[in-house]
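K.L.:
See entry_2.csv below, with CSV, C-alpha atoms.
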chain,number,residue,atom,x,y,z
A,204,MET,CA,3.6,-8.1,14.7
A,205,PHE,CA,3.0,-7.4,11.1
A,206,ASN,CA,0.4,-4.6,11.9
A,207,GLU,CA,2.9,-2.9,14.2
A,208,LEU,CA,5.5,-3.0,11.4
A,209,ILE,CA,3.2,-1.7,8.7
A,210,ASP,CA,1.8,1.2,10.7
A,211,ASN,CA,5.3,2.6,11.6
A,212,PHE,CA,5.7,4.5,8.3
A,213,ASN,CA,6.9,8.0,7.4
A,214,LYS,CA,4.6,9.0,4.6
A,215,ILE,CA,1.7,7.9,2.4
A,216,VAL,CA,1.8,8.9,-1.3
A,217,VAL,CA,-1.5,8.8,-3.2
A,218,TYR,CA,-1.5,8.0,-6.9
A,219,LYS,CA,-4.5,8.3,-9.3
A,220,ASP,CA,-3.9,7.2,-12.8
A,221,GLY,CA,-0.2,7.5,-12.4
A,222,LYS,CA,-0.2,11.1,-11.0
A,223,GLU,CA,0.8,11.9,-7.4
A,224,TYR,CA,-1.6,13.7,-5.2
A,225,GLU,CA,-1.6,15.1,-1.6
A,226,VAL,CA,-4.9,14.4,0.1
A,227,ASP,CA,-5.6,15.4,3.7
A,228,GLY,CA,-6.8,12.8,6.2
A,229,VAL,CA,-5.5,9.7,4.3
A,230,LYS,CA,-3.2,8.6,7.1
A,231,GLU,CA,-5.9,8.5,9.7
A,232,LEU,CA,-8.3,6.6,7.5
A,233,PHE,CA,-5.6,4.1,6.5
A,234,LEU,CA,-4.7,3.5,10.1
A,235,GLU,CA,-8.4,2.8,10.8
A,236,LEU,CA,-8.1,0.0,8.2
A,237,LEU,CA,-5.1,-1.4,10.0
A,238,ASP,CA,-6.8,-1.4,13.4
A,239,SER,CA,-8.8,-4.5,12.7
A,240,SER,CA,-6.6,-6.1,10.0
A,241,TYR,CA,-4.4,-9.1,10.1
A,242,PHE,CA,-1.6,-10.5,8.0
A,243,THR,CA,-2.5,-13.3,5.6
A,244,SER,CA,-0.6,-15.0,2.9
A,245,SER,CA,-0.7,-13.7,-0.7
A,246,LEU,CA,-0.3,-15.5,-3.9
A,247,ALA,CA,0.7,-12.3,-5.7
A,248,ILE,CA,4.2,-11.8,-6.9
A,249,ALA,CA,5.4,-8.4,-7.9
A,250,GLU,CA,7.2,-7.8,-11.2
A,251,HIS,CA,8.5,-4.2,-11.4
A,252,ASN,CA,7.5,-3.4,-15.0
A,253,VAL,CA,4.1,-4.8,-14.6
A,254,ILE,CA,3.4,-3.0,-11.3
A,255,GLU,CA,4.7,0.3,-12.8
A,256,GLU,CA,2.3,-0.2,-15.8
A,257,GLN,CA,-0.7,-1.0,-13.5
A,258,LYS,CA,0.1,2.0,-11.3
A,259,GLN,CA,-0.9,4.2,-14.2
A,260,LYS,CA,-4.6,3.2,-13.7
A,261,GLY,CA,-6.7,3.6,-10.7
A,262,ILE,CA,-5.9,4.6,-7.1
A,263,TRP,CA,-2.8,3.4,-5.4
A,264,LEU,CA,-1.2,4.1,-2.0
A,265,GLU,CA,2.5,4.0,-1.5
A,266,ILE,CA,3.7,3.6,2.1
A,267,GLU,CA,7.2,5.0,2.6
A,268,TYR,CA,9.5,4.0,5.4
A,269,ALA,CA,12.6,5.9,6.8
A,270,GLU,CA,14.6,2.7,6.8
A,271,GLU,CA,14.5,-0.8,5.4
A,272,LYS,CA,12.0,-3.2,7.1
A,273,LYS,CA,11.9,-6.9,7.2
A,274,TYR,CA,9.1,-9.4,7.8
A,275,ARG,CA,9.4,-13.2,7.4
A,276,ASP,CA,12.7,-12.8,5.5
A,277,SER,CA,11.1,-10.4,3.1
A,278,ARG,CA,12.8,-6.9,3.0
A,279,PHE,CA,11.0,-3.7,1.9
A,280,GLU,CA,11.5,0.0,1.8
A,281,LYS,CA,8.0,0.8,0.6
A,282,LEU,CA,4.7,-1.0,0.2
A,283,LEU,CA,2.4,-0.3,-2.7
A,284,ILE,CA,-1.3,-0.9,-2.4
A,285,PRO,CA,-4.0,-0.9,-5.1
A,286,LEU,CA,-7.1,0.6,-3.6
A,287,LYS,CA,-10.6,-0.2,-4.8
A,288,PRO,CA,-13.9,0.4,-3.0
A,289,LYS,CA,-15.7,-2.3,-1.0
A,290,TYR,CA,-12.6,-4.5,-0.6
A,291,ASP,CA,-11.8,-6.3,2.6
A,292,TYR,CA,-8.5,-7.7,1.5
A,293,ILE,CA,-5.5,-6.0,-0.1
A,294,ASN,CA,-2.1,-7.0,-1.5
A,295,LEU,CA,0.9,-5.1,-0.4
A,296,TYR,CA,3.6,-5.0,-3.1
A,297,ARG,CA,7.1,-4.8,-1.7
A,298,TYR,CA,9.6,-2.2,-3.0
A,299,TYR,CA,13.2,-3.1,-2.3
A,300,ASP,CA,16.5,-2.2,-4.0
A,301,ARG,CA,14.9,0.2,-6.4
A,302,GLU,CA,12.1,-2.0,-7.7
A,303,TYR,CA,8.9,-3.7,-6.8
A,304,GLN,CA,9.8,-7.3,-6.5
A,305,GLY,CA,9.1,-10.7,-5.0
A,306,ARG,CA,6.2,-12.2,-3.0
A,307,CYS,CA,3.7,-9.8,-1.7
A,308,PHE,CA,2.1,-9.5,1.7
A,309,GLY,CA,-1.7,-9.9,2.1
A,310,LEU,CA,-3.8,-8.0,4.6
A,311,THR,CA,-7.3,-9.0,5.5
A,312,LEU,CA,-9.2,-6.0,6.7
A,313,GLY,CA,-12.0,-5.9,9.3
A,314,ILE,CA,-13.7,-3.0,7.5
A,315,LYS,CA,-14.1,-2.3,3.8
A,316,THR,CA,-11.9,0.2,1.9
A,317,THR,CA,-14.9,2.2,0.8
A,318,ALA,CA,-14.5,5.2,3.2
A,319,LEU,CA,-10.8,5.6,2.4
A,320,TYR,CA,-11.4,5.2,-1.4
A,321,ASN,CA,-14.3,7.8,-1.4
A,322,HIS,CA,-12.3,10.2,0.7
A,323,ILE,CA,-9.4,10.1,-1.7
A,324,ILE,CA,-11.6,10.5,-4.8
A,325,GLY,CA,-13.4,13.5,-3.1
A,326,GLY,CA,-10.1,15.0,-1.9
A,327,ILE,CA,-8.6,14.8,-5.4
A,328,ALA,CA,-11.8,16.3,-6.9
A,329,SER,CA,-11.8,19.2,-4.4
A,330,GLY,CA,-8.0,19.7,-4.4
A,331,LYS,CA,-7.7,18.8,-0.7
Would you put the structure from the file into structure tokens?

P.N.:
Amino acid sequence: MFNELIDNFNKIVVYKDGKEYEVDGVKELFLELLDSSYFTSSLAIAEHNVIEEQKQKGIWLEIEYAEEKKYRDSRFEKLLIPLKPKYDYINLYRYYDREYQGRCFGLTLGIKTTALYNHIIGGIASGK
């Protein structure tokens, strides 16, 4: 059920070192990650100011929804994902009521994030 909920989004925003980029093909590669993934628990808890500071470094994906979503009593309007190469697990930080807050979701991936990460880095470098 979680995978069906997470892949029903409107837009993916790519951030690198705090700057927003449009990169072709991100949605398709992200959906490939979801194909073999499953929900797991996460120990991470989002604190808005900390997340905003961390978002200024590295690659982040922000998944935007047209309307509020709810999973296991946790509401969200957006999900923020730090993206690193060679990872097979990611935390999804919940954005709700104008801030990143509360317990995060965890997602265990069947494939590594390397292809998506490299695609984003290459897309930013080439301007695509």

K.L.:
In Å, how far is it from atom CA of A:Phe212 to atom CA of A:Asp238?

P.N.:
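We find that atom CA of A:Phe212 and atom CA of A:Asp238 lie 14.7 Å from each other.
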
K.L.:
Name all residues at most 10 Å from stretch 280-291 of chain A (count only C-alpha atoms; drop same-chain ones fewer than 3 positions away) and give them as a PDB file with C-alpha atoms, in the coordinates of the input.

P.N.:
ATOM      1  CA  ILE A 209       3.200  -1.700   8.700  1.00  0.00           C
ATOM      2  CA  PHE A 212       5.700   4.500   8.300  1.00  0.00           C
ATOM      3  CA  ASN A 213       6.900   8.000   7.400  1.00  0.00           C
ATOM      4  CA  LYS A 214       4.600   9.000   4.600  1.00  0.00           C
ATOM      5  CA  ILE A 215       1.700   7.900   2.400  1.00  0.00           C
ATOM      6  CA  VAL A 216       1.800   8.900  -1.300  1.00  0.00           C
ATOM      7  CA  VAL A 217      -1.500   8.800  -3.200  1.00  0.00           C
ATOM      8  CA  TYR A 218      -1.500   8.000  -6.900  1.00  0.00           C
ATOM      9  CA  LYS A 219      -4.500   8.300  -9.300  1.00  0.00           C
ATOM     10  CA  LEU A 236      -8.100   0.000   8.200  1.00  0.00           C
ATOM     11  CA  SER A 240      -6.600  -6.100  10.000  1.00  0.00           C
ATOM     12  CA  ILE A 254       3.400  -3.000 -11.300  1.00  0.00           C
ATOM     13  CA  GLN A 257      -0.700  -1.000 -13.500  1.00  0.00           C
ATOM     14  CA  LYS A 258       0.100   2.000 -11.300  1.00  0.00           C
ATOM     15  CA  LYS A 260      -4.600   3.200 -13.700  1.00  0.00           C
ATOM     16  CA  GLY A 261      -6.700   3.600 -10.700  1.00  0.00           C
ATOM     17  CA  ILE A 262      -5.900   4.600  -7.100  1.00  0.00           C
ATOM     18  CA  TRP A 263      -2.800   3.400  -5.400  1.00  0.00           C
ATOM     19  CA  LEU A 264      -1.200   4.100  -2.000  1.00  0.00           C
ATOM     20  CA  GLU A 265       2.500   4.000  -1.500  1.00  0.00           C
ATOM     21  CA  ILE A 266       3.700   3.600   2.100  1.00  0.00           C
ATOM     22  CA  GLU A 267       7.200   5.000   2.600  1.00  0.00           C
ATOM     23  CA  TYR A 268       9.500   4.000   5.400  1.00  0.00           C
ATOM     24  CA  ALA A 269      12.600   5.900   6.800  1.00  0.00           C
ATOM     25  CA  GLU A 270      14.600   2.700   6.800  1.00  0.00           C
ATOM     26  CA  GLU A 271      14.500  -0.800   5.400  1.00  0.00           C
ATOM     27  CA  LYS A 272      12.000  -3.200   7.100  1.00  0.00           C
ATOM     28  CA  LYS A 273      11.900  -6.900   7.200  1.00  0.00           C
ATOM     29  CA  ASN A 294      -2.100  -7.000  -1.500  1.00  0.00           C
ATOM     30  CA  LEU A 295       0.900  -5.100  -0.400  1.00  0.00           C
ATOM     31  CA  TYR A 296       3.600  -5.000  -3.100  1.00  0.00           C
ATOM     32  CA  ARG A 297       7.100  -4.800  -1.700  1.00  0.00           C
ATOM     33  CA  TYR A 298       9.600  -2.200  -3.000  1.00  0.00           C
ATOM     34  CA  TYR A 299      13.200  -3.100  -2.300  1.00  0.00           C
ATOM     35  CA  ASP A 300      16.500  -2.200  -4.000  1.00  0.00           C
ATOM     36  CA  ARG A 301      14.900   0.200  -6.400  1.00  0.00           C
ATOM     37  CA  GLU A 302      12.100  -2.000  -7.700  1.00  0.00           C
ATOM     38  CA  TYR A 303       8.900  -3.700  -6.800  1.00  0.00           C
ATOM     39  CA  CYS A 307       3.700  -9.800  -1.700  1.00  0.00           C
ATOM     40  CA  PHE A 308       2.100  -9.500   1.700  1.00  0.00           C
ATOM     41  CA  LEU A 310      -3.800  -8.000   4.600  1.00  0.00           C
ATOM     42  CA  THR A 311      -7.300  -9.000   5.500  1.00  0.00           C
ATOM     43  CA  LEU A 312      -9.200  -6.000   6.700  1.00  0.00           C
ATOM     44  CA  GLY A 313     -12.000  -5.900   9.300  1.00  0.00           C
ATOM     45  CA  ILE A 314     -13.700  -3.000   7.500  1.00  0.00           C
ATOM     46  CA  LYS A 315     -14.100  -2.300   3.800  1.00  0.00           C
ATOM     47  CA  THR A 316     -11.900   0.200   1.900  1.00  0.00           C
ATOM     48  CA  THR A 317     -14.900   2.200   0.800  1.00  0.00           C
ATOM     49  CA  ALA A 318     -14.500   5.200   3.200  1.00  0.00           C
ATOM     50  CA  LEU A 319     -10.800   5.600   2.400  1.00  0.00           C
ATOM     51  CA  TYR A 320     -11.400   5.200  -1.400  1.00  0.00           C
ATOM     52  CA  ASN A 321     -14.300   7.800  -1.400  1.00  0.00           C
ATOM     53  CA  ILE A 323      -9.400  10.100  -1.700  1.00  0.00           C
TER      54      ILE A 323
END

K.L.:
What does the structure give for the distance between atom CA of A:Leu246 and atom CA of A:Lys222, in Å to one decimal?

P.N.:
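Taking atom CA of A:Leu246 and atom CA of A:Lys222, their separation equals 27.5 Å.
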
K.L.:
What does the distance from atom CA of A:Glu250 to atom CA of A:Tyr274 come to in Å, to one decimal?

P.N.:
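Taking atom CA of A:Glu250 and atom CA of A:Tyr274, their separation equals 19.2 Å.
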
K.L.:
For a quick check of understanding, using all atoms listed in the file, which of A:Asp220, A:Gln259, A:Asn252, A:Arg306 has the smallest distance to A:Ser277?

P.N.:
A:Arg306

K.L.:
Using all atoms listed in the file, pick whichever of A:Leu237, A:Ala249, A:Ile293, A:Ile324 has the shortest atom-to-atom distance to A:Asn211.

P.N.:
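Ranked by minimum distance to A:Asn211, first place goes to A:Leu237.
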
K.L.:
Please list as a PyMOL selection string every residue within 12 Å of A:Gly330, counting all atoms listed in the file and excluding residues in the same chain fewer than 5 positions away.

P.N.:
chain A and resi 224-227+322-325
